[in-house]
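Have a look at the structure below before the remarks.
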There are 2 protein chains.
Amino acid sequence: MRFSREVRLRRHPRGKVEPADFRVVEVPVRDPRRGEVLVRNTFTSVDPAIRLRLAKTGQSGYFPPFALDAALDGIMTVGEVVESRADGFAPGDAVWHALGWRDYAVVEAGAPALNGLGTLTRLDTALAPPQAFLGPLGGMGLTAYAGLFLVADLRPGDVVWVSAAAGATGCLAAQFAKLRGNRVIGSAGSGEKVAWLLDELGLDAAFDYKRGLVAELLRAAAPDGIDVYFDNVAGHHLEAALGALRRRGRVALCGAVSEYQRSAPAHGPGNLFQAVANDLTLRGFRGSSYVDHMAEMQREVGRWLGDGRLRYRETIVDGLERAPEALMSMLGGGTIGKTLVRIA
Amino acid sequence: MRFSREVRLRRHPRGKVEPADFRVVEVPVRDPRRGEVLVRNTFTSVDPAIRLRLAKTGQSGYFPPFALDAALDGIMTVGEVVESRADGFAPGDAVWHALGWRDYAVVEAGAPALNGLGTLTRLDTALAPPQAFLGPLGGMGLTAYAGLFLVADLRPGDVVWVSAAAGATGCLAAQFAKLRGNRVIGSAGSGEKVAWLLDELGLDAAFDYKRGLVAELLRAAAPDGIDVYFDNVAGHHLEAALGALRRRGRVALCGAVSEYQRSAPAHGPGNLFQAVANDLTLRGFRGSSYVDHMAEMQREVGRWLGDGRLRYRETIVDGLERAPEALMSMLGGGTIGKTLVRIA
């Protein structure tokens with residue numbers, strides 16, 4: 001008999017996530033049935049959207065909240081097929097699926113998860129190691145790619161600002177824009193992150209948003225304004241962008257990490273009239289809504305990775321039991337690049 | 001020697017507009033020079049955007065604030081050519097231009113005003129009386145037309161909510177959507193207005209936003225949600241829309257009349273994350289940005305007017321000196337349809 005640890009939600013966090021909100025439970029693993037595979041998970045994802053799903057009541061239209069005292073269904077994970085009773089999958093295959101934060105998962109082939117993003121899929125490890133499919137070659141890559149090219153409709157000459165630019169999605173969006181030849185400003189929450197944006201990613205300008213008023217720091221970095229804002233933060237960052245966007249500017253509303261840990265109502269931008277004055281477009285989106293573009297994204301991003309033109313960085317936390325700690329660290333701004341938990 | 005009265009701004013209003021913020025001055029009218037015409041103004045426009053331009057500091061990117069102690073340049077007006085020294089214009093012609101809130105104006109032919117919207121233009125009075133060109137056949141018509149069809153990209157089957165639906169632009173947007181076969185909900189600020197929306201304009205549902213919480217009133221009128229929101233109000237109305245919009249819903253951000261008289265910072269929507277969760281698009285716009293579509297709009301709207309399928313209503317205040325009073329009444333919700341001042 002095989003056993004699997006899984007992280008469960010004990011109680012809904014109030015404000016900041018705490019270790020005591022979770023518990024790790026060991027459960028027996030059942031054999032896969034016809035059409036299913038058994039996967040030994042190797043890396044599981046830690047991303048800001050998980051925070052939203054820890055709340056008691058969900059955001060209307062968004063992925064539903066996690067159930068209490070149950071495995072957390074709907075978290076992207078990579079692993080190796082141990083046993084297969086599904087066509088097209090064999091032991092040893094590297095795969096992704098959405099049953100993360102546990103050692104083993106029994107996954108039904110073809111069953112859609114996370115709006116199709118998390119459907120069991122074999123990974124082309126000739127392109128990159130499996131965990132890269134939780135970063136640039138997976139949901140993060142798709143989110144950055146779709147947000148920049150399809151949602152914000154990036155054009156030659158656009159000046160682009162990416163917030164949380166040292167984060168998993170932000171660092172990709174910022175580099176994608178650079179690779180297309182745009183001028184890119186990044187912001188992040190520490191001097192170390194800013195140095196990485198400038199020295200390693202080669203952004204044109206970067207600032208630490210904690211060192212002053214965001215609107216003023218942005219103005220110093222982009223005195224003539226911006227055309228595209230890739231928003232991972234919301235709140236005062238979005239307000240600063242609205243004040244800096246030029247005529248017919250565009251915002252890709254991707255996330256609102258400044259708001260996820262607040263217990264008070266979110267801070268709505270007080271200067272939304274700027275959108276009227278300057279013919280601005282704000283478009284919210286989820287990467288999973290663009291899952292049809294995954295193969296196209298993987299081709300282009302795979303090429304950039306192969307050429308060594310795209311950098312990515314992972315913050316790896318070892319041990320499944322430390323997944324909540326990894327989440328807390330990421331939400332507190334303590335990680336750079338994609339945050340992963342190595343399970344085995 | 002001819003004299004002309006003109007309304008001038010004496011001081012910047014704080015909060016609500018007051019009569020003492022203005023004064024009426026009589027000035028001599030100079031003869032038109034080569035390339036100019038002299039117009040006797042007959043009707044001048046009163047619209048919410050004027051309130052924004054009475055502020056001391058303008059909205060970045062928007063029309064600049066009015067100068068103190070000078071004629072208010074940049075207000076749409078219709079009148080009759082009295083004397084012409086410009087090709088293509090003859091005495092007796094009905095025209096529009098942007099030098100309103102005065103008895104007479106000397107207008108340079110071809111000089112652009114209000115982003116091209118207010119350039120001196122001869123009116124086809126076979127289509128409708130001149131003052132209709134300050135309403136459905138002019139900037140208001142263009143704003144409703146562009147907002148609905150170009151900005152919000154109205155599609156068959158969309159459920160549409162129009163706020164300030166008894167206002168000059170709102171009543172057109174609501175009817176345009178009805179004429180295209182959509183289900184339309186209107187909101188306004190009095191029982192009389194709501195009755196007009198239902199009984200005269202034939203909207204599918206309407207509510208008085210003062211009779212409860214906007215979000216709840218909207219939910220009762222559109223229990224299955226909405227696809228398009230035509231926003232003239234901002235604030236809590238926009239928040240209600242964000243909560244009701246279905247996947248891939250769209251907002252045309254046209255105006256923010258709930259905010260124009262506030263001295264406190266505007267109320268930003270606290271639930272903007274709904275845009276991320278539901279792939280919503282919010283697009284701000286100004287009618288004048290779509291001035292290239294004016295002829296197309298006039299053809300279509302002119303046909304609807306000619307067929308008697310489009311209703312419009314004017315609130316006419318008599319006497320130039322009462323223009324400030326008309327503005328105050330409109331901003332306070334006391335007028336229905338297009339608010340005009342009859343000068344002569």
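In the structure tokens, each chain is lettered A, B, ... as it comes, each chain's residues begin at 1, and ligands are numbered from 1 in order of appearance.
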Find the nearest atom pair between each residue of chain B and chain A for residues within 9 Å, count only C-alpha atoms, give distances in Å to one decimal, sort rows by chain and ascending number, and present the table as a Markdown table.
| residue | atom | partner | partner_atom | distance |
| --- | --- | --- | --- | --- |
| B:Gln59 | CA | A:Ala277 | CA | 7.1 |
| B:Ser60 | CA | A:Gln274 | CA | 7.1 |
| B:Gly61 | CA | A:Ala277 | CA | 5.5 |
| B:Tyr62 | CA | A:Ala277 | CA | 4.7 |
| B:Phe63 | CA | A:Ala277 | CA | 8.0 |
| B:Ala234 | CA | A:Phe273 | CA | 8.5 |
| B:Gly243 | CA | A:Ser60 | CA | 7.7 |
| B:Arg246 | CA | A:Gly61 | CA | 8.1 |
| B:Arg247 | CA | A:Gly61 | CA | 7.5 |
| B:Arg248 | CA | A:Phe285 | CA | 8.9 |
| B:Leu253 | CA | A:Val276 | CA | 6.1 |
| B:Cys254 | CA | A:Val276 | CA | 6.2 |
| B:Gly255 | CA | A:Val276 | CA | 6.9 |
| B:Ala256 | CA | A:Phe273 | CA | 7.0 |
| B:Pro265 | CA | A:Gly270 | CA | 6.2 |
| B:Ala266 | CA | A:Gly270 | CA | 4.9 |
| B:His267 | CA | A:Gly270 | CA | 5.7 |
| B:Gly268 | CA | A:Gly268 | CA | 4.0 |
| B:Pro269 | CA | A:Gly268 | CA | 4.6 |
| B:Gly270 | CA | A:Gly268 | CA | 4.5 |
| B:Asn271 | CA | A:Ala266 | CA | 6.8 |
| B:Leu272 | CA | A:Gly268 | CA | 6.9 |
| B:Phe273 | CA | A:Ala256 | CA | 7.0 |
| B:Gln274 | CA | A:Ser60 | CA | 7.1 |
| B:Ala275 | CA | A:Gly284 | CA | 4.5 |
| B:Val276 | CA | A:Gly284 | CA | 4.0 |
| B:Ala277 | CA | A:Tyr62 | CA | 4.7 |
| B:Asn278 | CA | A:Gly61 | CA | 5.6 |
| B:Asp279 | CA | A:Phe285 | CA | 4.3 |
| B:Leu280 | CA | A:Gly284 | CA | 5.3 |
| B:Thr281 | CA | A:Arg283 | CA | 4.3 |
| B:Leu282 | CA | A:Leu282 | CA | 5.0 |
| B:Arg283 | CA | A:Thr281 | CA | 4.3 |
| B:Gly284 | CA | A:Val276 | CA | 4.0 |
| B:Phe285 | CA | A:Asp279 | CA | 4.3 |
| B:Arg286 | CA | A:Val276 | CA | 6.2 |
| B:Ser289 | CA | A:Asp279 | CA | 7.9 |
Go ahead and save the residues from that selection, with C-alpha atoms, as a PDB file, in the first residue's frame.
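What follows is the written file part-v7.pdb:
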ATOM      1  CA  GLN B  59      -7.959  66.445 -15.720  1.00  0.00           C
ATOM      2  CA  SER B  60      -4.734  65.388 -17.356  1.00  0.00           C
ATOM      3  CA  GLY B  61      -5.400  64.634 -21.013  1.00  0.00           C
ATOM      4  CA  TYR B  62      -8.882  66.156 -20.927  1.00  0.00           C
ATOM      5  CA  PHE B  63     -10.079  69.470 -22.344  1.00  0.00           C
ATOM      6  CA  ALA B 234     -19.016  55.914 -12.130  1.00  0.00           C
ATOM      7  CA  GLY B 243     -20.580  42.666  -9.871  1.00  0.00           C
ATOM      8  CA  ARG B 246     -20.930  38.186 -17.239  1.00  0.00           C
ATOM      9  CA  ARG B 247     -17.797  36.598 -18.687  1.00  0.00           C
ATOM     10  CA  ARG B 248     -16.196  38.789 -21.369  1.00  0.00           C
ATOM     11  CA  LEU B 253     -16.671  54.473 -19.518  1.00  0.00           C
ATOM     12  CA  CYS B 254     -18.318  57.627 -20.804  1.00  0.00           C
ATOM     13  CA  GLY B 255     -18.673  59.881 -17.809  1.00  0.00           C
ATOM     14  CA  ALA B 256     -18.624  60.069 -14.049  1.00  0.00           C
ATOM     15  CA  PRO B 265     -11.367  62.061  -4.038  1.00  0.00           C
ATOM     16  CA  ALA B 266     -13.517  59.970  -6.342  1.00  0.00           C
ATOM     17  CA  HIS B 267     -14.828  56.621  -5.175  1.00  0.00           C
ATOM     18  CA  GLY B 268     -12.855  53.991  -7.090  1.00  0.00           C
ATOM     19  CA  PRO B 269     -14.522  50.622  -7.592  1.00  0.00           C
ATOM     20  CA  GLY B 270     -13.468  48.278  -4.777  1.00  0.00           C
ATOM     21  CA  ASN B 271     -14.296  45.188  -6.821  1.00  0.00           C
ATOM     22  CA  LEU B 272     -12.178  45.773  -9.911  1.00  0.00           C
ATOM     23  CA  PHE B 273     -10.795  42.268  -9.437  1.00  0.00           C
ATOM     24  CA  GLN B 274     -14.057  41.133 -11.032  1.00  0.00           C
ATOM     25  CA  ALA B 275     -12.475  42.272 -14.299  1.00  0.00           C
ATOM     26  CA  VAL B 276      -9.717  39.697 -13.816  1.00  0.00           C
ATOM     27  CA  ALA B 277     -12.088  36.965 -12.673  1.00  0.00           C
ATOM     28  CA  ASN B 278     -14.467  37.420 -15.595  1.00  0.00           C
ATOM     29  CA  ASP B 279     -12.260  38.678 -18.423  1.00  0.00           C
ATOM     30  CA  LEU B 280     -13.996  42.067 -18.481  1.00  0.00           C
ATOM     31  CA  THR B 281     -12.974  45.048 -20.584  1.00  0.00           C
ATOM     32  CA  LEU B 282     -13.394  48.648 -19.393  1.00  0.00           C
ATOM     33  CA  ARG B 283     -12.782  51.268 -22.051  1.00  0.00           C
ATOM     34  CA  GLY B 284     -12.836  54.957 -21.445  1.00  0.00           C
ATOM     35  CA  PHE B 285     -13.604  57.181 -24.393  1.00  0.00           C
ATOM     36  CA  ARG B 286     -14.607  60.637 -25.502  1.00  0.00           C
ATOM     37  CA  SER B 289     -12.209  60.788 -30.422  1.00  0.00           C
TER      38      SER B 289
END
Inset, instruction - Within 7 Å of stretch 5-11 of chain A, counting only C-alpha atoms, which residues show up once you throw out same-chain ones fewer than 5 positions away? Write them as a list of chain:residue names, please. - result: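 Here the answer would be A:Asp21, A:Phe22, A:Arg23, A:Val24, A:Val25, A:Glu26, A:Val27, A:Leu68, A:Asp69, A:Ala70, A:Ala71, A:Leu72, A:Trp101, A:Arg102, A:Asp103.
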Inset, instruction - List the neighbours of B:Leu198 out to 12 Å using only C-alpha atoms; skip same-chain residues closer than 5 positions along the sequence, and give me the result as a list in words. - result: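 The residues that qualify are Ala165, Ala166, Cys171, Ala174, Gln175, Lys178, Val184, Ile185, Gly186, Ser187, Ala188, Gly191, Glu192, Lys193, Leu203, Asp204, Ala205, Ala206, Phe207 and Asp208 of chain B.
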Could you save those same residues with all heavy atoms as a short mmCIF file (atom, residue, chain, number, x, y, z; two decimals), in the first residue's frame?
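Saved to out13.cif:
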data_model
loop_
_atom_site.label_atom_id
_atom_site.label_comp_id
_atom_site.auth_asym_id
_atom_site.auth_seq_id
_atom_site.Cartn_x
_atom_site.Cartn_y
_atom_site.Cartn_z
N ALA B 165 -29.87 57.11 -17.74
CA ALA B 165 -30.52 56.78 -19.01
C ALA B 165 -31.55 57.82 -19.43
O ALA B 165 -32.04 57.78 -20.56
CB ALA B 165 -31.17 55.40 -18.92
N ALA B 166 -31.90 58.74 -18.54
CA ALA B 166 -32.80 59.82 -18.93
C ALA B 166 -32.01 61.07 -19.30
O ALA B 166 -32.59 62.12 -19.59
CB ALA B 166 -33.78 60.13 -17.80
N CYS B 171 -30.08 58.49 -22.86
CA CYS B 171 -31.36 58.13 -23.50
C CYS B 171 -31.13 57.71 -24.94
O CYS B 171 -31.90 56.91 -25.49
CB CYS B 171 -32.38 59.26 -23.39
SG CYS B 171 -32.10 60.64 -24.51
N ALA B 174 -29.42 54.06 -24.74
CA ALA B 174 -30.43 53.05 -24.40
C ALA B 174 -31.32 52.73 -25.61
O ALA B 174 -31.59 51.56 -25.91
CB ALA B 174 -31.29 53.55 -23.23
N GLN B 175 -31.72 53.77 -26.32
CA GLN B 175 -32.58 53.53 -27.48
C GLN B 175 -31.82 52.90 -28.65
O GLN B 175 -32.38 52.07 -29.37
CB GLN B 175 -33.22 54.85 -27.93
CG GLN B 175 -34.26 55.37 -26.94
CD GLN B 175 -34.91 56.64 -27.47
OE1 GLN B 175 -35.90 56.59 -28.18
NE2 GLN B 175 -34.34 57.77 -27.13
N LYS B 178 -31.82 49.31 -27.99
CA LYS B 178 -33.16 48.75 -28.24
C LYS B 178 -33.39 48.60 -29.74
O LYS B 178 -33.90 47.58 -30.20
CB LYS B 178 -34.24 49.66 -27.66
CG LYS B 178 -34.56 49.50 -26.19
CD LYS B 178 -34.95 48.10 -25.79
CE LYS B 178 -36.25 47.59 -26.41
NZ LYS B 178 -36.44 46.15 -26.09
N VAL B 184 -32.56 45.99 -22.79
CA VAL B 184 -31.94 47.19 -22.21
C VAL B 184 -32.58 47.54 -20.87
O VAL B 184 -33.80 47.62 -20.76
CB VAL B 184 -32.05 48.40 -23.16
CG1 VAL B 184 -31.41 49.64 -22.53
CG2 VAL B 184 -31.40 48.09 -24.50
N ILE B 185 -31.71 47.74 -19.88
CA ILE B 185 -32.11 48.23 -18.57
C ILE B 185 -31.60 49.65 -18.42
O ILE B 185 -30.43 49.93 -18.74
CB ILE B 185 -31.49 47.35 -17.46
CG1 ILE B 185 -32.04 45.93 -17.56
CG2 ILE B 185 -31.74 47.93 -16.07
CD1 ILE B 185 -30.99 44.89 -17.69
N GLY B 186 -32.44 50.54 -17.95
CA GLY B 186 -32.02 51.92 -17.73
C GLY B 186 -32.15 52.28 -16.26
O GLY B 186 -33.02 51.75 -15.57
N SER B 187 -31.29 53.16 -15.78
CA SER B 187 -31.47 53.68 -14.43
C SER B 187 -31.42 55.19 -14.47
O SER B 187 -30.80 55.78 -15.36
CB SER B 187 -30.40 53.13 -13.48
OG SER B 187 -29.11 53.48 -13.93
N ALA B 188 -32.11 55.79 -13.52
CA ALA B 188 -32.18 57.26 -13.44
C ALA B 188 -32.52 57.62 -12.01
O ALA B 188 -32.70 56.73 -11.17
CB ALA B 188 -33.23 57.77 -14.42
N GLY B 191 -38.67 58.98 -10.08
CA GLY B 191 -39.78 58.18 -10.58
C GLY B 191 -40.27 58.68 -11.93
O GLY B 191 -40.64 57.90 -12.81
N GLU B 192 -40.25 60.00 -12.11
CA GLU B 192 -40.70 60.58 -13.38
C GLU B 192 -39.80 60.11 -14.52
O GLU B 192 -40.27 59.75 -15.61
CB GLU B 192 -40.66 62.11 -13.29
CG GLU B 192 -41.18 62.80 -14.54
CD GLU B 192 -40.78 64.29 -14.61
OE1 GLU B 192 -40.18 64.79 -13.63
OE2 GLU B 192 -41.07 64.92 -15.65
N LYS B 193 -38.49 60.11 -14.26
CA LYS B 193 -37.56 59.67 -15.29
C LYS B 193 -37.75 58.18 -15.61
O LYS B 193 -37.75 57.78 -16.78
CB LYS B 193 -36.12 59.91 -14.83
CG LYS B 193 -35.72 61.38 -14.79
CD LYS B 193 -34.29 61.56 -14.26
CE LYS B 193 -33.90 63.03 -14.22
NZ LYS B 193 -32.55 63.22 -13.65
N LEU B 203 -37.95 50.85 -22.72
CA LEU B 203 -36.89 49.98 -22.21
C LEU B 203 -37.51 48.74 -21.54
O LEU B 203 -38.65 48.75 -21.10
CB LEU B 203 -36.00 50.73 -21.21
CG LEU B 203 -35.34 52.00 -21.71
CD1 LEU B 203 -34.21 52.42 -20.77
CD2 LEU B 203 -34.80 51.83 -23.14
N ASP B 204 -36.71 47.68 -21.45
CA ASP B 204 -37.22 46.42 -20.90
C ASP B 204 -37.36 46.48 -19.39
O ASP B 204 -38.20 45.79 -18.82
CB ASP B 204 -36.27 45.29 -21.30
CG ASP B 204 -36.19 45.16 -22.81
OD1 ASP B 204 -37.18 44.67 -23.39
OD2 ASP B 204 -35.19 45.59 -23.41
N ALA B 205 -36.52 47.28 -18.74
CA ALA B 205 -36.61 47.44 -17.29
C ALA B 205 -35.94 48.77 -16.96
O ALA B 205 -35.12 49.27 -17.73
CB ALA B 205 -35.91 46.29 -16.57
N ALA B 206 -36.33 49.34 -15.84
CA ALA B 206 -35.71 50.60 -15.40
C ALA B 206 -35.87 50.70 -13.90
O ALA B 206 -36.79 50.13 -13.32
CB ALA B 206 -36.39 51.79 -16.09
N PHE B 207 -34.91 51.39 -13.27
CA PHE B 207 -35.04 51.59 -11.82
C PHE B 207 -34.52 52.97 -11.43
O PHE B 207 -33.70 53.57 -12.12
CB PHE B 207 -34.36 50.48 -11.03
CG PHE B 207 -32.86 50.36 -11.22
CD1 PHE B 207 -31.97 51.11 -10.46
CD2 PHE B 207 -32.35 49.45 -12.16
CE1 PHE B 207 -30.60 50.97 -10.63
CE2 PHE B 207 -30.98 49.31 -12.34
CZ PHE B 207 -30.10 50.07 -11.58
N ASP B 208 -35.07 53.43 -10.28
CA ASP B 208 -34.65 54.70 -9.67
C ASP B 208 -33.55 54.36 -8.68
O ASP B 208 -33.80 53.72 -7.65
CB ASP B 208 -35.87 55.31 -8.97
CG ASP B 208 -35.53 56.58 -8.20
OD1 ASP B 208 -34.33 56.93 -8.11
OD2 ASP B 208 -36.47 57.20 -7.68
#
Inset, instruction - Using DSSP on the backbone, list every residue of stretch 18-214 of chain B that comes out as strand (DSSP E or B), and give them as a VMD selection string. - result: chain B and resid 22 to 28 36 to 46 71 75 77 to 84 94 to 97 99 102 104 to 108 121 to 122 159 to 162 167 183 to 188 205 to 208
Inset, instruction - Could you tell me which of B:Ala86, B:Gly15, B:Leu305, B:Arg53 comes closest to B:Arg34 if we count only C-alpha atoms? - result: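 Going through B:Ala86, B:Gly15, B:Leu305, B:Arg53 one by one, the smallest distance to B:Arg34 is for B:Ala86.
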Inset, instruction - Quote the spacing between atom CA of B:Ala152 and atom CA of B:Glu296 in Å to one decimal place. - result: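 So the two atoms, atom CA of B:Ala152 and atom CA of B:Glu296, lie 17.6 Å apart.
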Legend entry - Test item: residues at most 9 Å from A:Gly138, only C-alpha atoms, excluding those fewer than 6 positions along its chain, as a list of chain:residue names: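 Skipping anything fewer than 6 positions along the chain leaves A:Leu117, A:Ala132, A:Met294, A:Met297, A:Gln298.
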Put those residues in a file: N, CA and C atoms, as a short mmCIF file (atom, residue, chain, number, x, y, z; two decimals), in the first residue's frame.
data_model
loop_
_atom_site.label_atom_id
_atom_site.label_comp_id
_atom_site.auth_asym_id
_atom_site.auth_seq_id
_atom_site.Cartn_x
_atom_site.Cartn_y
_atom_site.Cartn_z
N LEU A 117 -6.45 24.49 -18.42
CA LEU A 117 -5.02 24.69 -18.22
C LEU A 117 -4.39 23.50 -17.52
N ALA A 132 10.08 23.77 -15.48
CA ALA A 132 9.93 24.97 -16.32
C ALA A 132 8.50 25.09 -16.86
N MET A 294 -1.61 28.08 -25.96
CA MET A 294 -0.50 27.46 -25.22
C MET A 294 0.61 26.97 -26.17
N MET A 297 2.52 29.80 -27.68
CA MET A 297 3.39 30.41 -26.67
C MET A 297 4.60 29.54 -26.42
N GLN A 298 4.40 28.24 -26.28
CA GLN A 298 5.53 27.34 -25.97
C GLN A 298 6.56 27.33 -27.09
#
